[in-house]
Amino acid sequence: MAGVNMAHNPNLTYLSRAQAEKIHAASLEILERVGALIDDEESAALLRKASVAVGDGDTFHISPKLVEWALSVAPKRIVLHNRNAEPVIPLEPGRIYFGLGSDCLFILDHRTGKRRQATLQDVNEAIRLADALPNIDFLMSAVLPSDVPTEAANRLQMRSMIENSTKPIMFVTNDFDSCLDVVQAAEFVAGGAKLHEQKPYCCCYINVTAPLRHNVDSLQKLLFLAAKGLPTTYTPMVLRGVSGPVTSAGAVALANAGELVGLVLAQLKREGAPIIHSGGYGDVFDMRTTTGAYTGPESYGVRTAMGAYYGLPIFGLGGSSDSKLPDEQAAAEASLTLLFETLGGANLIHDVGYMESGKCYSLEMLAICDELISYIRRYCQGIEVNDETLALDLIAELGPEGDYLPTEHTVNHYKETWYPRLFNRNHYDGWLAEDGLTLHRRTQRRVEEILQSHTPEPLEGKIKQEIEAILG
Amino acid sequence: MELFKPIVEATVAGDEERCVALAQEVIDKGVDPLQAIEQGYTKGMAIVGDKFSRMEYYLPELIRCADAMKAAMDVLKPHLGKGQDGGVQGTVVIGTIQGDLHDLGKNIVKTMLQAAAFTVHDLGCDVQVRSFIDKAEEQDVDVIAASAILTTTMAYMPDLVNLLSDMNLRDRFKVMVGGAPVTPEYADEAGADGYGENAAEAVETAKRLVQSRRGGA
């Protein structure tokens, strides 16, 4: 079974109920007092129709009442389906799923070890690798290909995701037109718009300019998807100390306010429109290097706690690194962020395999994270406590100096222990004889082996033709 | 001059009150204000810049020091001789190119340019190629700096250079570009004179371009 099931296990309560309520109240106050700029006509009309006050400078001042209404009608559960219309990702409390990120401009070529501009072939390989990795549950494009016309890039990413894997897709498009074609393709695969609405095979990630400045393309995509009943995120980002307060609470309150604007508009367009909520991205801005850091400890905990407070499906971010290579720093940052997000209850954790604060993608990193996720899943399973697992009779039978190795009990249960695929536990000499490599080097080989050997389930010829006709 | 050392210290400390008091002292004692700038405030800011690049200072400290120096400049400038600009590094018009509403990176570059004693005219985001050029002409700037975060909007960068050529202004202004998708190779292809991978590099590029423009003019 895919994903992590947190039914009986540890979870992290990062904010007290009172703290979460205070942040929520702050988001409401921001929307009412400051208001948001809405660049799209249809969105503005929807807000006016809902009696939203328009202030000086065309700011829309959304009332707490309207936000509370939107929160009350947005669905608490969303189910994503794979290419074969199987319900593989139920987004509900305690169920955690992992996927790639999208649109990195660079890739660390696992064959040469060099960083270079990404190509369409890199998208194909990333998706094939993701298809093969058992702990990666959903797809994003990984990289933005530089070797195809810019206006074709988003469509070709979608085509690659449909052709090279059966896993559910989260797509990103820059412009509205690509979004229309991408959804049309997904609908065709699902057997029509109606069937796709019931069993969505794709969902969208909308990246909004700023929490209080909502650009045309983002709003058009949001309303289009809401009308179709297709799940999407609506995620403005705050860079702490630059485009919002430097403090966690304020940054998250502001970013969350922006997300709530999307939530309100989606519900005004169609009551019950499925929204995946992040709880407010307030990324750390590194005041020494002027980079937007992905893995600052301040970025974790608060966001997922806000998502949990709303009880909406939660969008998360983990398995990423600010390092330039899949090195020790990368492994540490990926482990910690995957664990924080999982324990925080994020349902859909994206950006697995991101390097260099989102600028570069690494297939080795994706494969290392696959191993980390499997580790975390085992941890989150918790343990069974019963007569069989306590084994009191066995302990009594064997006495103070028992030899447990030859017993039936050990034979019956030893396979319940987690074993690594990439991490090495061998003795020193054994490790040397095996390959004597670091995790990174070993993973490079593993990635190439998978790419050489894995054949994704082929797409039926007729569907493939139609997809090509739609997406180019 | 015994005043210069405390000026350097006050600038490095980002102590605005003291920077201004010392500037007043420069005037009261009849010290050459240009010398006070060059051997005091500018020297202090050079130390600040070093500390920032060594990651000893954080961006807000850099900004505070620059603000302290600027406040002192306001006191000194009226006393400068004709044609003396008081250590202004150069003039830049900056903006995020048309179709693009992302101004985070551009704002950081602007702040750092100001901290490095550039005069900056900020056109905001979604700036038409023509507007960059109009502002550059109006303010007689040294450098036009354009930012893009999308590959789609980055494509307007060559248009900026081409339009400058069409208007016979290509030699008059230096053009620098930056933003997430922009690479040095792309900057070359677009016909830009310079590129900055990050804000600190953008400042170095701007300094180099100003020198080459003024040296070459």
# chains A, B, ... in the order shown; residues from 1 in each chain; ligands from 1
$ closest_atom_pairs --of "stretch 265-350 of chain A" --to "stretch 99-123 of chain B" --cutoff "10 Å" --atoms "only C-alpha atoms" --output "Markdown table"
| residue | atom | partner | partner_atom | distance |
| --- | --- | --- | --- | --- |
| A:Thr290 | CA | B:Ile108 | CA | 7.6 |
| A:Thr291 | CA | B:Gly105 | CA | 9.1 |
| A:Gly292 | CA | B:Gly105 | CA | 9.6 |
$ residues_around --residues "stretch 143-149 of chain B" --least-positions-apart "5" --cutoff "9 Å" --atoms "only C-alpha atoms" --output "NGL selection string"
:B and (90-98 or 100-103 or 105-106 or 125 or 127 or 132-133 or 136 or 154-157 or 160 or 173-182 or 206 or 209-210 or 213)
$ write_last_selection --atoms "C-alpha atoms" --output "compact mmCIF listing (two decimals), in the first residue's frame"
# COMPACT_ATOMS: atom_id res chain seq x y z
CA GLY B 90 26.11 55.36 -10.66
CA THR B 91 22.48 55.57 -11.68
CA VAL B 92 20.31 52.59 -12.48
CA VAL B 93 16.78 52.19 -13.74
CA ILE B 94 15.41 48.85 -12.57
CA GLY B 95 12.22 46.85 -13.08
CA THR B 96 10.66 43.45 -13.60
CA ILE B 97 9.98 43.04 -17.28
CA GLN B 98 6.53 43.09 -18.88
CA ASP B 100 5.94 39.43 -14.94
CA LEU B 101 4.59 40.43 -11.52
CA HIS B 102 7.40 38.95 -9.46
CA ASP B 103 9.37 41.71 -7.82
CA GLY B 105 14.39 39.47 -6.44
CA LYS B 106 14.29 42.86 -8.11
CA CYS B 125 6.92 45.12 -12.04
CA VAL B 127 7.37 47.14 -16.98
CA PHE B 132 12.69 51.23 -19.26
CA ILE B 133 14.17 53.21 -22.13
CA ALA B 136 16.72 55.80 -18.78
CA MET B 154 12.58 36.45 -19.97
CA ALA B 155 11.97 36.37 -23.72
CA TYR B 156 11.38 40.17 -23.64
CA MET B 157 14.99 40.78 -22.67
CA LEU B 160 14.82 45.55 -24.79
CA PHE B 173 23.18 52.76 -21.76
CA LYS B 174 24.53 49.55 -20.32
CA VAL B 175 22.00 46.73 -19.94
CA MET B 176 22.09 44.11 -17.22
CA VAL B 177 19.66 41.24 -16.66
CA GLY B 178 18.89 38.77 -13.92
CA GLY B 179 16.27 36.54 -12.32
CA ALA B 180 15.88 32.83 -11.71
CA PRO B 181 15.74 31.54 -15.31
CA VAL B 182 18.45 33.88 -16.65
CA ALA B 206 26.59 47.34 -12.02
CA LEU B 209 29.29 48.52 -16.15
CA VAL B 210 29.32 52.06 -14.77
CA ARG B 213 30.50 53.28 -19.55
$ interface_residues --of "chain A" --to "chain B" --cutoff "7 Å" --atoms "only C-alpha atoms" --output "list in words"
Leu105, Thr150, Thr209, Ser243, Met287, Arg288 and Thr290 of chain A
$ write_last_selection --atoms "C-alpha atoms" --output "PDB file, in the first residue's frame"
ATOM      1  CA  LEU A 105      15.399  25.135 -14.407  1.00  0.00           C
ATOM      2  CA  THR A 150       8.530  27.995 -24.078  1.00  0.00           C
ATOM      3  CA  THR A 209       2.162  36.189  -7.194  1.00  0.00           C
ATOM      4  CA  SER A 243       7.407  40.448   1.067  1.00  0.00           C
ATOM      5  CA  MET A 287      19.725  37.612   4.977  1.00  0.00           C
ATOM      6  CA  ARG A 288      23.344  36.643   4.446  1.00  0.00           C
ATOM      7  CA  THR A 290      19.908  36.696  -0.285  1.00  0.00           C
TER       8      THR A 290
END
$ select_by_dssp --residues "chain B" --states "strand (DSSP E or B)" --output "list in words"
Gly90, Thr91, Val92, Val93, Ile94, Gly95, Thr96, Ile97, Phe118, Thr119, Val120, His121, Asp122, Val127, Val143, Ile144, Ala145, Ala146, Ser147, Lys174, Val175, Met176, Val177, Gly178, Gly194, Tyr195 and Gly196 of chain B
$ closest_residue --among "A:Val54, A:Val73, A:Glu92, A:Glu356" --to "A:Arg270" --atoms "only C-alpha atoms"
A:Val73
$ residues_around --residues "B:Ala46" --least-positions-apart "2" --cutoff "12 Å" --atoms "only C-alpha atoms" --output "list in words"
Val8, Glu9, Thr11, Val12, Ile37, Glu38, Gln39, Gly40, Tyr41, Thr42, Lys43, Gly44, Val48, Gly49, Asp50, Lys51, Phe52, Ser53, Leu62, Cys65, Ala66, Met69, Ala115, Ala116 and Ala117 of chain B
$ write_last_selection --atoms "C-alpha atoms" --output "compact mmCIF listing (two decimals), in the first residue's frame"
# COMPACT_ATOMS: atom_id res chain seq x y z
CA VAL B 8 34.43 55.18 9.37
CA GLU B 9 33.54 53.66 12.73
CA THR B 11 29.34 54.09 9.33
CA VAL B 12 30.45 50.51 10.05
CA ILE B 37 32.94 61.23 2.07
CA GLU B 38 35.79 59.46 0.33
CA GLN B 39 37.99 58.80 3.33
CA GLY B 40 35.21 58.43 5.85
CA TYR B 41 31.78 57.29 4.77
CA THR B 42 32.66 55.49 1.54
CA LYS B 43 35.58 53.79 3.25
CA GLY B 44 33.22 52.69 6.00
CA VAL B 48 30.47 47.01 5.53
CA GLY B 49 30.41 45.44 2.07
CA ASP B 50 33.32 43.20 3.02
CA LYS B 51 31.61 42.13 6.19
CA PHE B 52 28.47 41.30 4.22
CA SER B 53 30.32 39.20 1.68
CA LEU B 62 23.96 46.47 5.38
CA CYS B 65 24.71 51.29 7.47
CA ALA B 66 23.70 52.56 4.03
CA MET B 69 25.60 57.10 5.35
CA ALA B 115 23.31 50.29 -0.10
CA ALA B 116 26.25 50.42 -2.48
CA ALA B 117 25.56 54.15 -3.09
$ select_by_dssp --residues "stretch 120-344 of chain A" --states "helix (DSSP H, G or I)" --output "JSON, numbers by chain"
{"A": [120, 121, 122, 123, 124, 125, 126, 127, 128, 129, 130, 131, 132, 150, 151, 152, 153, 154, 155, 156, 157, 158, 159, 160, 161, 162, 163, 164, 176, 177, 178, 179, 180, 181, 182, 183, 184, 185, 186, 187, 188, 189, 190, 193, 194, 195, 196, 197, 198, 216, 217, 218, 219, 220, 221, 222, 223, 224, 225, 226, 227, 228, 248, 249, 250, 251, 252, 253, 254, 255, 256, 257, 258, 259, 260, 261, 262, 263, 264, 265, 266, 267, 268, 269, 297, 298, 299, 302, 303, 304, 305, 306, 307, 308, 309, 310, 328, 329, 330, 331, 332, 333, 334, 335, 336, 337, 338, 339, 340, 341, 342, 343, 344]}
$ residues_around --residues "A:Met170" --least-positions-apart "2" --cutoff "6 Å" --atoms "only C-alpha atoms" --output "PyMOL selection string"
chain A and resi 139-140+202-204
$ closest_residue --among "A:Lys359, A:Asp286, A:Ile107, A:Asn215" --to "A:Gly241" --atoms "only C-alpha atoms"
A:Asp286
$ closest_residue --among "A:Leu325, A:Glu416, A:Glu271, A:Val172" --to "A:Glu384" --atoms "only C-alpha atoms"
A:Glu416
$ residues_around --residues "B:Gly30" --least-positions-apart "5" --cutoff "12 Å" --atoms "only C-alpha atoms" --output "MDAnalysis selection string"
chainID B and resid 1 3 23:25 35:36 76 79:80
$ residues_around --residues "stretch 193-197 of chain A" --least-positions-apart "5" --cutoff "12 Å" --atoms "only C-alpha atoms" --output "list in words"
Ile78, Val79, Leu80, His81, Asn82, Arg83, Asn84, Ala85, Glu86, Pro87, Val183, Gln184, Ala185, Ala186, Glu187, Phe188, Cys202, Cys203, Leu225, Ala226, Ala227, Lys228, Gly229, Leu230, Pro231, Ala273 and Pro274 of chain A
$ atom_distance --atom1 "atom CA of A:Gly282" --atom2 "atom CA of A:Gly316"
12.5 Å
$ atom_distance --atom1 "atom CA of A:Leu366" --atom2 "atom CA of A:Pro168"
17.0 Å
$ atom_distance --atom1 "atom CA of A:Ala36" --atom2 "atom CA of A:Pro236"
12.2 Å
